[in-house]
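The next block holds one structure in the form of structure tokens; read it before the comments.
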Amino acid sequence: MASCVLEAPLRMSVLSEVTASSRHYVDRLFDLDPQKVLQGVMLLYLLQQETSSTELRTECAVVLGSLAMGTENNVKSLLDCHIIPALLQGLLSPDLKFIEACLRCLRTIFISPVTPEDLLYTDATVISHLMALLSRSRYTQEYICQIFSHCCKLQHWHSCGFKSLPQPLLCANGPDHQTILFNHGAVQNIAHLLVSTSYKVRMQALKCFSVLAFENPQVSMTLVNVSVDGELLPQIFVKMLQRDKPIEMQLTSAKCLTSMCRAGAIRTDDSCIVLKTLPCLVRMCSKERLLEERVEGAETLAYLIETDVELQRIASITDHLIVMLADYFKYPSSVSAITDIKRLDHDLKHAHELRQAAFKLYASLGANDEDIRKKIIETENMMDRIVNGLSESSIKVRLAAVRCLHSLSRSVQQLRTSFQDHAVWKPLMKVLQNAPNEMLVVASSTLCNLLLEFSPSKEPILESGAIELLCSLTQSENLALRVNGIWALMNMAFQAEQKIKSDILRGLSTEQLFQLLSDSDVNVLMKTLGLLRNLLSTRPHIDHIMSTHGKQIMQAVTLILEGEHNIEVKEQTLCILANIADGTTAKELIMTNDDILQKIKYYMSHSNAKLQLAAMFCISNLIWNEEEGSQERQDKLRDIGIVDILHKLSQSSDPNLCDKAKTALQQYLA
């Protein structure tokens, strides 16, 4: 018991809910004298005594609820005293007033950020009992829905921001909260509450659905077909979005429809999305709305349009949204205009949330369309705002700014102009130092784009130690980071000078290169082959690299051509061989390797034309007449039967193969 130390909550908010007869208890609880606080803890004891009168037990639940409205330390102390099992036990009482008081107290405790949601799920019978209590009164309905919405957390947020992934219905530690509630009939039990006569009940039921449906196809697909009083739920949600409804109701129903749309339960071109949900969310971003409403509106809209080009286009031309969002960066307003200290405090608290929401929405708007990206970048001081966002203290703002930058970096035009003028690579490289994985994935994707050949940022990035950083990413446990690391190196090696190529090979080490070539993920493998292909381009480079790493590279090529790989992988590998065959001295590494020559011969007669063509490129480069030693190479290849295959291929119905074979045969005749 001694661990329960309760701090005084704010008198006013508490007393409004406390009846006169419990005043003496409350006054005692406000006292910071530990002796008196301990007497307060007796309430919990009285609450659990079957011998106490129901009136007294109800009174205790009311006062404990008031206490829970105090500081977070109060809630922690009450949790330490096992208040939740005591209140859940109270729900078995036949007395409705006592049940309502226990539920109200539970609601207050579960709303607190210090309460673990899992405490609701420790006993399997609790959820069924709560579902049964839903029919008892409008108070049980309101409190239980509120408890459910606060205790329904996704246990597997995806590593990659708010990208939607198919939701696994089971996580490592059993079913997640959404599934448990769904399996206990939450949808059927709560649906009819959406038409309750009580606004509070309607609102809490709506909030419950917005949490149940989020990222959950199973719940979303069910909701689409549920009807209440002959009306389908999506239609009920649309009615709740109308302008004459309270803002929180409009916003929450927009969230429900957004989740259902993202889960594939409602089409993106359905009029309830295009004509109702999207415009409602854009309205929430306007200056007339409260700051917290603008944050929620922008975040929900960003999620709604994130993967759909058409919705991005519609949103971008609705109510001047792109310009409207620029206002999100203007908080807190200039201090002289704020005489009200409370308002300043409020503005400061929401300022970073506003910036985060604006960056997220800009990222979604600019995900696909070049014209929209241009409009965003031309918005006042946009690039400066992103650069500032990248070095903000709030990690959430930094992540959203990186997302926004990534979205805009898909534009070739912007990479050449705005990105260059603002040297965005500097803060980006800083973000990449010691960042959490979620941030690294987006930042390294952006870096991939900045390292494209036509991007002027390429040089300075190289000078700032990027090779080392990217090589270390290729060793990450995280698949997305491995892909991005190798992808960025591939872009870096494209048409690069020999020094950069040597630095990349040195940074990666042969061992790591083999590791990547035997990676179980085909994406990593393809990008690694792409890197090799870019490294082995232009003759002097090919000869130089093959003179230092030839043995290992030939080993790797053999390994892949012998392995169980798809057509694309094999084609890319044969193209690497064709590049090697184009070297002056490097050619010999193929000519002296009978195993590889037999493999090239095998692929010339393969059933897949792409592989045949790639193998022919190798042969053409080996037999080209004007080069030293071509006669000996031609003779050796004739001896192993290559010319016979060329004759066959010159009769091919595939025009590409036919042409290539004829050109090769001419080398023999010349």
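Going by the structure tokens order, chains are called A, B, ..., each with residues numbered from 1, while ligands are numbered from 1 in the order shown.
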Which residues come within 6 Å of region 405-407 of chain A, counting only C-alpha atoms, excluding same-chain residues fewer than 5 positions away, as an mmCIF file with all heavy atoms, in the first residue's frame?
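So selection19.cif came out as:
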data_model
loop_
_atom_site.group_PDB
_atom_site.id
_atom_site.type_symbol
_atom_site.label_atom_id
_atom_site.label_comp_id
_atom_site.auth_asym_id
_atom_site.auth_seq_id
_atom_site.Cartn_x
_atom_site.Cartn_y
_atom_site.Cartn_z
ATOM 1 N N ALA A 363 3.850 15.827 -48.937
ATOM 2 C CA ALA A 363 4.488 14.604 -49.442
ATOM 3 C C ALA A 363 3.483 13.763 -50.228
ATOM 4 O O ALA A 363 3.785 13.258 -51.306
ATOM 5 C CB ALA A 363 5.058 13.791 -48.284
ATOM 6 N N GLY A 366 2.446 15.493 -53.599
ATOM 7 C CA GLY A 366 3.466 15.515 -54.649
ATOM 8 C C GLY A 366 4.016 14.146 -55.014
ATOM 9 O O GLY A 366 5.002 14.047 -55.740
ATOM 10 N N ALA A 367 3.362 13.083 -54.519
ATOM 11 C CA ALA A 367 3.938 11.742 -54.700
ATOM 12 C C ALA A 367 4.089 11.325 -56.158
ATOM 13 O O ALA A 367 4.996 10.576 -56.496
ATOM 14 C CB ALA A 367 3.101 10.713 -53.946
ATOM 15 N N THR A 446 15.746 9.229 -50.502
ATOM 16 C CA THR A 446 15.929 10.574 -51.055
ATOM 17 C C THR A 446 17.350 10.722 -51.592
ATOM 18 O O THR A 446 17.566 11.277 -52.673
ATOM 19 C CB THR A 446 15.673 11.636 -49.954
ATOM 20 O OG1 THR A 446 14.463 11.306 -49.280
ATOM 21 C CG2 THR A 446 15.560 13.027 -50.542
#
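The neighbours of Ile180 (chain A) here are the residues that come within 10 Å of it, using only C-alpha atoms and leaving out any residue fewer than 3 positions away in the same chain; they are A:Tyr121, A:Ala124, A:Ile127, A:Cys152, A:Leu169, A:Gly174, A:Pro175, A:Asp176, A:His177, A:Asn183, A:His184, A:Gly185, A:Ala186.
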Store the residues picked out above in a file with all heavy atoms, as a tab-separated table (two decimals), in the first residue's frame.
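Listing of part_38.tsv after writing:
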chain	number	residue	atom	x	y	z
A	121	TYR	N	-7.19	-6.49	-21.53
A	121	TYR	CA	-7.29	-7.78	-22.22
A	121	TYR	C	-6.70	-8.95	-21.43
A	121	TYR	O	-6.53	-10.03	-21.96
A	121	TYR	CB	-6.57	-7.69	-23.58
A	121	TYR	CG	-7.14	-6.60	-24.46
A	121	TYR	CD1	-6.59	-5.32	-24.45
A	121	TYR	CD2	-8.23	-6.84	-25.30
A	121	TYR	CE1	-7.10	-4.31	-25.26
A	121	TYR	CE2	-8.75	-5.83	-26.11
A	121	TYR	CZ	-8.17	-4.57	-26.07
A	121	TYR	OH	-8.69	-3.58	-26.87
A	124	ALA	N	-9.96	-12.92	-20.48
A	124	ALA	CA	-10.76	-13.05	-21.71
A	124	ALA	C	-12.25	-12.74	-21.50
A	124	ALA	O	-12.95	-12.34	-22.43
A	124	ALA	CB	-10.59	-14.45	-22.27
A	127	ILE	N	-14.03	-8.61	-22.00
A	127	ILE	CA	-14.59	-8.00	-23.21
A	127	ILE	C	-16.03	-8.46	-23.44
A	127	ILE	O	-16.90	-7.65	-23.74
A	127	ILE	CB	-13.71	-8.33	-24.45
A	127	ILE	CG1	-12.25	-7.90	-24.22
A	127	ILE	CG2	-14.26	-7.65	-25.70
A	127	ILE	CD1	-12.00	-6.42	-24.11
A	152	CYS	N	-7.61	0.29	-28.06
A	152	CYS	CA	-7.48	-0.46	-29.30
A	152	CYS	C	-6.30	0.10	-30.06
A	152	CYS	O	-6.44	1.02	-30.85
A	152	CYS	CB	-8.77	-0.31	-30.10
A	152	CYS	SG	-8.72	-1.29	-31.59
A	169	LEU	N	-3.22	-10.35	-39.25
A	169	LEU	CA	-4.24	-10.34	-38.21
A	169	LEU	C	-3.74	-10.91	-36.89
A	169	LEU	O	-4.38	-10.80	-35.88
A	169	LEU	CB	-5.47	-11.08	-38.69
A	169	LEU	CG	-6.24	-10.23	-39.70
A	169	LEU	CD1	-7.35	-11.02	-40.33
A	169	LEU	CD2	-6.80	-8.98	-39.05
A	174	GLY	N	-0.06	-13.06	-29.98
A	174	GLY	CA	-1.50	-13.35	-30.05
A	174	GLY	C	-2.24	-12.29	-30.84
A	174	GLY	O	-1.63	-11.38	-31.39
A	175	PRO	N	-3.58	-12.42	-30.88
A	175	PRO	CA	-4.37	-11.50	-31.71
A	175	PRO	C	-4.20	-10.06	-31.23
A	175	PRO	O	-4.01	-9.82	-30.04
A	175	PRO	CB	-5.80	-11.96	-31.47
A	175	PRO	CG	-5.72	-13.29	-30.84
A	175	PRO	CD	-4.41	-13.37	-30.15
A	176	ASP	N	-4.28	-9.11	-32.16
A	176	ASP	CA	-4.16	-7.72	-31.74
A	176	ASP	C	-5.52	-7.22	-31.21
A	176	ASP	O	-6.53	-7.90	-31.30
A	176	ASP	CB	-3.64	-6.85	-32.89
A	176	ASP	CG	-4.54	-6.93	-34.09
A	176	ASP	OD1	-5.75	-7.14	-33.92
A	176	ASP	OD2	-4.05	-6.76	-35.22
A	177	HIS	N	-5.50	-6.02	-30.66
A	177	HIS	CA	-6.71	-5.48	-30.02
A	177	HIS	C	-7.88	-5.41	-30.99
A	177	HIS	O	-9.01	-5.75	-30.63
A	177	HIS	CB	-6.42	-4.09	-29.45
A	177	HIS	CG	-5.33	-4.07	-28.43
A	177	HIS	ND1	-4.67	-2.92	-28.06
A	177	HIS	CD2	-4.78	-5.06	-27.69
A	177	HIS	CE1	-3.77	-3.20	-27.14
A	177	HIS	NE2	-3.80	-4.49	-26.91
A	183	ASN	N	-13.73	-9.97	-32.99
A	183	ASN	CA	-14.21	-11.33	-32.74
A	183	ASN	C	-15.26	-11.40	-31.64
A	183	ASN	O	-16.02	-12.36	-31.56
A	183	ASN	CB	-13.04	-12.27	-32.40
A	183	ASN	CG	-12.14	-12.51	-33.60
A	183	ASN	OD1	-12.54	-12.26	-34.74
A	183	ASN	ND2	-10.92	-12.96	-33.37
A	184	HIS	N	-15.27	-10.40	-30.78
A	184	HIS	CA	-16.29	-10.36	-29.72
A	184	HIS	C	-17.55	-9.61	-30.18
A	184	HIS	O	-18.36	-9.20	-29.36
A	184	HIS	CB	-15.74	-9.71	-28.45
A	184	HIS	CG	-14.95	-10.66	-27.60
A	184	HIS	ND1	-13.60	-10.87	-27.77
A	184	HIS	CD2	-15.33	-11.50	-26.59
A	184	HIS	CE1	-13.17	-11.77	-26.88
A	184	HIS	NE2	-14.20	-12.17	-26.17
A	185	GLY	N	-17.64	-9.37	-31.49
A	185	GLY	CA	-18.87	-8.77	-32.02
A	185	GLY	C	-18.97	-7.26	-31.87
A	185	GLY	O	-20.07	-6.71	-31.81
A	186	ALA	N	-17.81	-6.58	-31.81
A	186	ALA	CA	-17.85	-5.12	-31.62
A	186	ALA	C	-18.67	-4.43	-32.71
A	186	ALA	O	-19.47	-3.53	-32.42
A	186	ALA	CB	-16.43	-4.56	-31.61
- Query: Within 6 Å of region 604-620 of chain A, counting only C-alpha atoms, which residues qualify if same-chain residues fewer than 3 places away don't, as JSON, numbers by chain?
  - Reply: {"A": [571, 574, 575, 578, 581, 600, 601, 623, 624, 664]}
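Look at region 516-518 of chain A: the protein and nucleic acid residues within 7 Å of it, using only C-alpha atoms and passing over chain neighbours fewer than 5 places away, are Val524, Leu525 and Thr528 of chain A.
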Please write the residues from the selection above to a file, keeping C-alpha atoms, as a PDB file, in the first residue's frame.
ATOM      1  CA  VAL A 524      18.988  -6.482 -53.345  1.00  0.00           C
ATOM      2  CA  LEU A 525      20.450  -8.905 -55.867  1.00  0.00           C
ATOM      3  CA  THR A 528      23.924  -5.232 -56.724  1.00  0.00           C
TER       4      THR A 528
END
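Remark: for Lys207 (chain A), the closest of the candidate residues A:Cys145, A:Asp118, A:Lys245, A:Ala263 is A:Cys145 (distances computed over only C-alpha atoms).
Nearest residue to Thr252 (chain A) among A:Thr268, A:Asn437, A:Ser196, A:Thr277 is A:Thr277, counting only C-alpha atoms.
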- Message: If we count only C-alpha atoms and set the cut-off at 7 Å, which residues sit around Asn534 (chain A), ignoring sequence neighbours fewer than 4 positions away in its own chain? Please answer as a PyMOL selection string.
- Response: chain A and resi 490+493-494+530
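Nearest residue to Ile317 (chain A) among A:Gln49, A:Lys276, A:Lys375, A:Met260 is A:Lys375, counting only C-alpha atoms.
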Might you pull out every residue within 12 Å of Cys471 (chain A), with only C-alpha atoms counted and same-chain residues fewer than 3 positions away left off, and present them as a short mmCIF file (atom, residue, chain, number, x, y, z; two decimals) with C-alpha atoms, in the first residue's frame?
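As written to disk, around-v6.cif reads:
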data_model
loop_
_atom_site.label_atom_id
_atom_site.label_comp_id
_atom_site.auth_asym_id
_atom_site.auth_seq_id
_atom_site.Cartn_x
_atom_site.Cartn_y
_atom_site.Cartn_z
CA SER A 444 18.35 7.06 -47.94
CA GLY A 465 31.63 10.80 -46.93
CA ALA A 466 28.56 9.27 -48.55
CA ILE A 467 30.31 6.13 -49.80
CA GLU A 468 31.18 4.96 -46.32
CA THR A 474 24.18 -2.41 -47.22
CA GLN A 475 25.04 -4.39 -44.08
CA SER A 476 21.82 -3.49 -42.30
CA LEU A 481 17.99 -0.05 -45.91
CA ARG A 482 20.04 -2.71 -47.71
CA VAL A 483 18.11 -2.03 -50.92
CA ASN A 484 18.51 1.75 -50.60
CA GLY A 485 22.21 1.53 -49.73
CA ILE A 486 23.04 -0.57 -52.77
CA TRP A 487 20.65 1.39 -55.00
CA ALA A 488 22.31 4.68 -54.07
CA LEU A 489 25.75 3.16 -54.77
CA MET A 490 24.45 1.96 -58.14
CA MET A 492 26.58 6.89 -57.73
CA ASP A 503 36.35 3.90 -53.67
CA ILE A 504 33.01 2.09 -53.87
CA LEU A 505 34.68 -1.28 -54.37
CA ARG A 506 37.09 -0.59 -51.54
CA GLY A 507 34.27 0.58 -49.28
CA LEU A 508 32.12 -2.46 -49.98
CA SER A 509 34.85 -5.13 -49.78
CA THR A 510 34.67 -8.29 -51.85
CA GLN A 512 30.27 -7.77 -48.64
CA LEU A 513 29.74 -7.88 -52.42
CA LEU A 516 24.81 -9.01 -51.32
CA THR A 528 23.92 -5.23 -56.72
#
- Message: Just checking: using only C-alpha atoms, which residue out of A:Leu301, A:Cys448, A:Pro456, A:Asn73 ends up closest to Arg262 (chain A)?
- Response: A:Leu301
Selection near Arg313 (chain A), 8 Å with only C-alpha atoms, sequence-local residues under 4 positions removed, as a PDB file with N, CA, C and O atoms, in the first residue's frame:
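For reference, part32.pdb as written:
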ATOM      1  N   VAL A 309      -3.252   8.691 -57.439  1.00  0.00           N
ATOM      2  CA  VAL A 309      -2.887   9.877 -58.229  1.00  0.00           C
ATOM      3  C   VAL A 309      -4.095  10.784 -58.452  1.00  0.00           C
ATOM      4  O   VAL A 309      -3.993  12.010 -58.349  1.00  0.00           O
ATOM      5  N   ILE A 317      -6.346  20.827 -56.302  1.00  0.00           N
ATOM      6  CA  ILE A 317      -7.067  21.980 -56.866  1.00  0.00           C
ATOM      7  C   ILE A 317      -8.342  22.297 -56.086  1.00  0.00           C
ATOM      8  O   ILE A 317      -9.202  23.019 -56.545  1.00  0.00           O
ATOM      9  N   LEU A 365       0.603  14.841 -51.594  1.00  0.00           N
ATOM     10  CA  LEU A 365       0.151  15.581 -52.787  1.00  0.00           C
ATOM     11  C   LEU A 365       1.149  15.451 -53.932  1.00  0.00           C
ATOM     12  O   LEU A 365       0.770  15.320 -55.093  1.00  0.00           O
ATOM     13  N   ASP A 369       2.646  13.497 -59.253  1.00  0.00           N
ATOM     14  CA  ASP A 369       2.384  14.432 -60.343  1.00  0.00           C
ATOM     15  C   ASP A 369       3.403  15.571 -60.387  1.00  0.00           C
ATOM     16  O   ASP A 369       3.586  16.314 -59.419  1.00  0.00           O
ATOM     17  N   ILE A 372       2.055  19.157 -59.731  1.00  0.00           N
ATOM     18  CA  ILE A 372       1.758  19.435 -58.315  1.00  0.00           C
ATOM     19  C   ILE A 372       3.067  19.716 -57.567  1.00  0.00           C
ATOM     20  O   ILE A 372       3.153  20.653 -56.772  1.00  0.00           O
TER      21      ILE A 372
END
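Distances to Asn449 (chain A) were evaluated for A:Lys499, A:Arg373, A:Lys430, A:Arg410 using only C-alpha atoms, and the minimum falls at A:Arg410.
Of the listed residues A:His549, A:Arg283, A:His647, A:His82, the one whose atoms come nearest to Val295 (chain A) is A:Arg283, with distances taken using only C-alpha atoms.
Of note, CA of Ile109 (chain A) and CA of Gln48 (chain A) are spaced 17.6 Å apart.
Here CA of Met382 (chain A) is placed at a distance of 13.5 Å from CA of Ala423 (chain A).
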